[in-house]
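Okay, so here's the structure we're looking at.
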Amino acid sequence: MTTTAQTLPQSSSAPLARAAELGGRLLLSALFILSGVGKLGAYAGTAAYMASAGVPGALLPLVIALEIGGGLAILLGWYTRIVAFLLAGFTLIAAFVFHSHFADQIQMIMFWKNVSITGGLLLLVVHGAGAWSIDGRAAK
């Protein structure tokens, strides 16, 4: 008797699976890269928004570095498991700090968006970046 795990293709064995891994990393990373670049362009406003939520604006350079650097690392598949773990924690904390006003439906949707992104990042923690990545090349 074979189990489901034995009949599913390994992630690095099929070109479609490798392309899906790359596509998933591209889509996850785009959010962080664009968000970090956007914060650079609206630095004072972002720092004020953070302060209004009780987060020191002095942390903004760290946030920008994490979003842009982490996004690029996920895109390239470089130290993917570690970076995805850090971004998952960051994204979940951001959900609770900035989007926990559930009486506002938009904020509730933003909260669950962050939770969903965290889920995708946790899948990267477990499965890694895949074959088409720096991590994948280093494993060969």
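Ordering of the structure tokens sets the chain letters (A, B, ...); residue numbers start at 1 within each chain; ligands are numbered from 1 in the order shown.
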Residues of region 31-51 of chain A that have any atom at most 9 Å from an atom of region 70-77 of chain A: could you tabulate them with the shortest-distance atom pair and the distance in Å to one decimal, using only C-alpha atoms, ordered by chain and increasing number, as JSON lines?
{"residue": "A:Leu31", "atom": "CA", "partner": "A:Gly71", "partner_atom": "CA", "distance": 7.7}
{"residue": "A:Phe32", "atom": "CA", "partner": "A:Gly71", "partner_atom": "CA", "distance": 5.2}
{"residue": "A:Ile33", "atom": "CA", "partner": "A:Gly71", "partner_atom": "CA", "distance": 5.2}
{"residue": "A:Leu34", "atom": "CA", "partner": "A:Gly71", "partner_atom": "CA", "distance": 8.8}
{"residue": "A:Gly36", "atom": "CA", "partner": "A:Gly71", "partner_atom": "CA", "distance": 8.8}
Any chance you could tabulate, as a Markdown table, the residues of region 66-130 of chain A at most 12 Å from region 40-50 of chain A with each one's nearest atom pair and distance in Å to one decimal, using only C-alpha atoms, in chain and rising number order?
| residue | atom | partner | partner_atom | distance |
| --- | --- | --- | --- | --- |
| A:Glu67 | CA | A:Leu40 | CA | 11.0 |
| A:Ile68 | CA | A:Leu40 | CA | 10.2 |
| A:Ala94 | CA | A:Met50 | CA | 10.3 |
| A:Val97 | CA | A:Met50 | CA | 9.4 |
| A:Phe98 | CA | A:Met50 | CA | 8.4 |
For C-alpha atoms, I'd like the residues from the last selection saved as a PDB file, in the first residue's frame.
ATOM      1  CA  GLU A  67      11.205  44.397   4.128  1.00  0.00           C
ATOM      2  CA  ILE A  68      13.564  45.179   1.254  1.00  0.00           C
ATOM      3  CA  ALA A  94       2.279  43.899  12.292  1.00  0.00           C
ATOM      4  CA  VAL A  97      -0.239  46.069  16.145  1.00  0.00           C
ATOM      5  CA  PHE A  98      -1.662  47.819  13.073  1.00  0.00           C
TER       6      PHE A  98
END
Residues within 10 Å of Leu121 (chain A), please, as a count of residues only. Count only C-alpha atoms; anything in the same chain fewer than 3 positions from it doesn't count.
24
CA of Ala20 (chain A) and CA of Val37 (chain A), how far apart in Å?
25.5 Å
What is the CA of Ala14 (chain A) to CA of Ala131 (chain A) distance in Å?
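So the two atoms, CA of Ala14 (chain A) and CA of Ala131 (chain A), lie 9.9 Å apart.
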Alpha helix (DSSP H) positions in region 67-131 of chain A, given as a PyMOL selection string
chain A and resi 67-76+80-98+105-127
Of the residues A:Ile82, A:Ile134, A:Ala139, A:Ala129, which is the one nearest to Glu21 (chain A), using only C-alpha atoms?
A:Ala129
So the first atom is CA of Gln107 (chain A) and the second is CA of Ser35 (chain A); what is the distance between them in Å, to one decimal place?
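CA of Ser35 (chain A) lies at a distance of 17.2 Å from CA of Gln107 (chain A).
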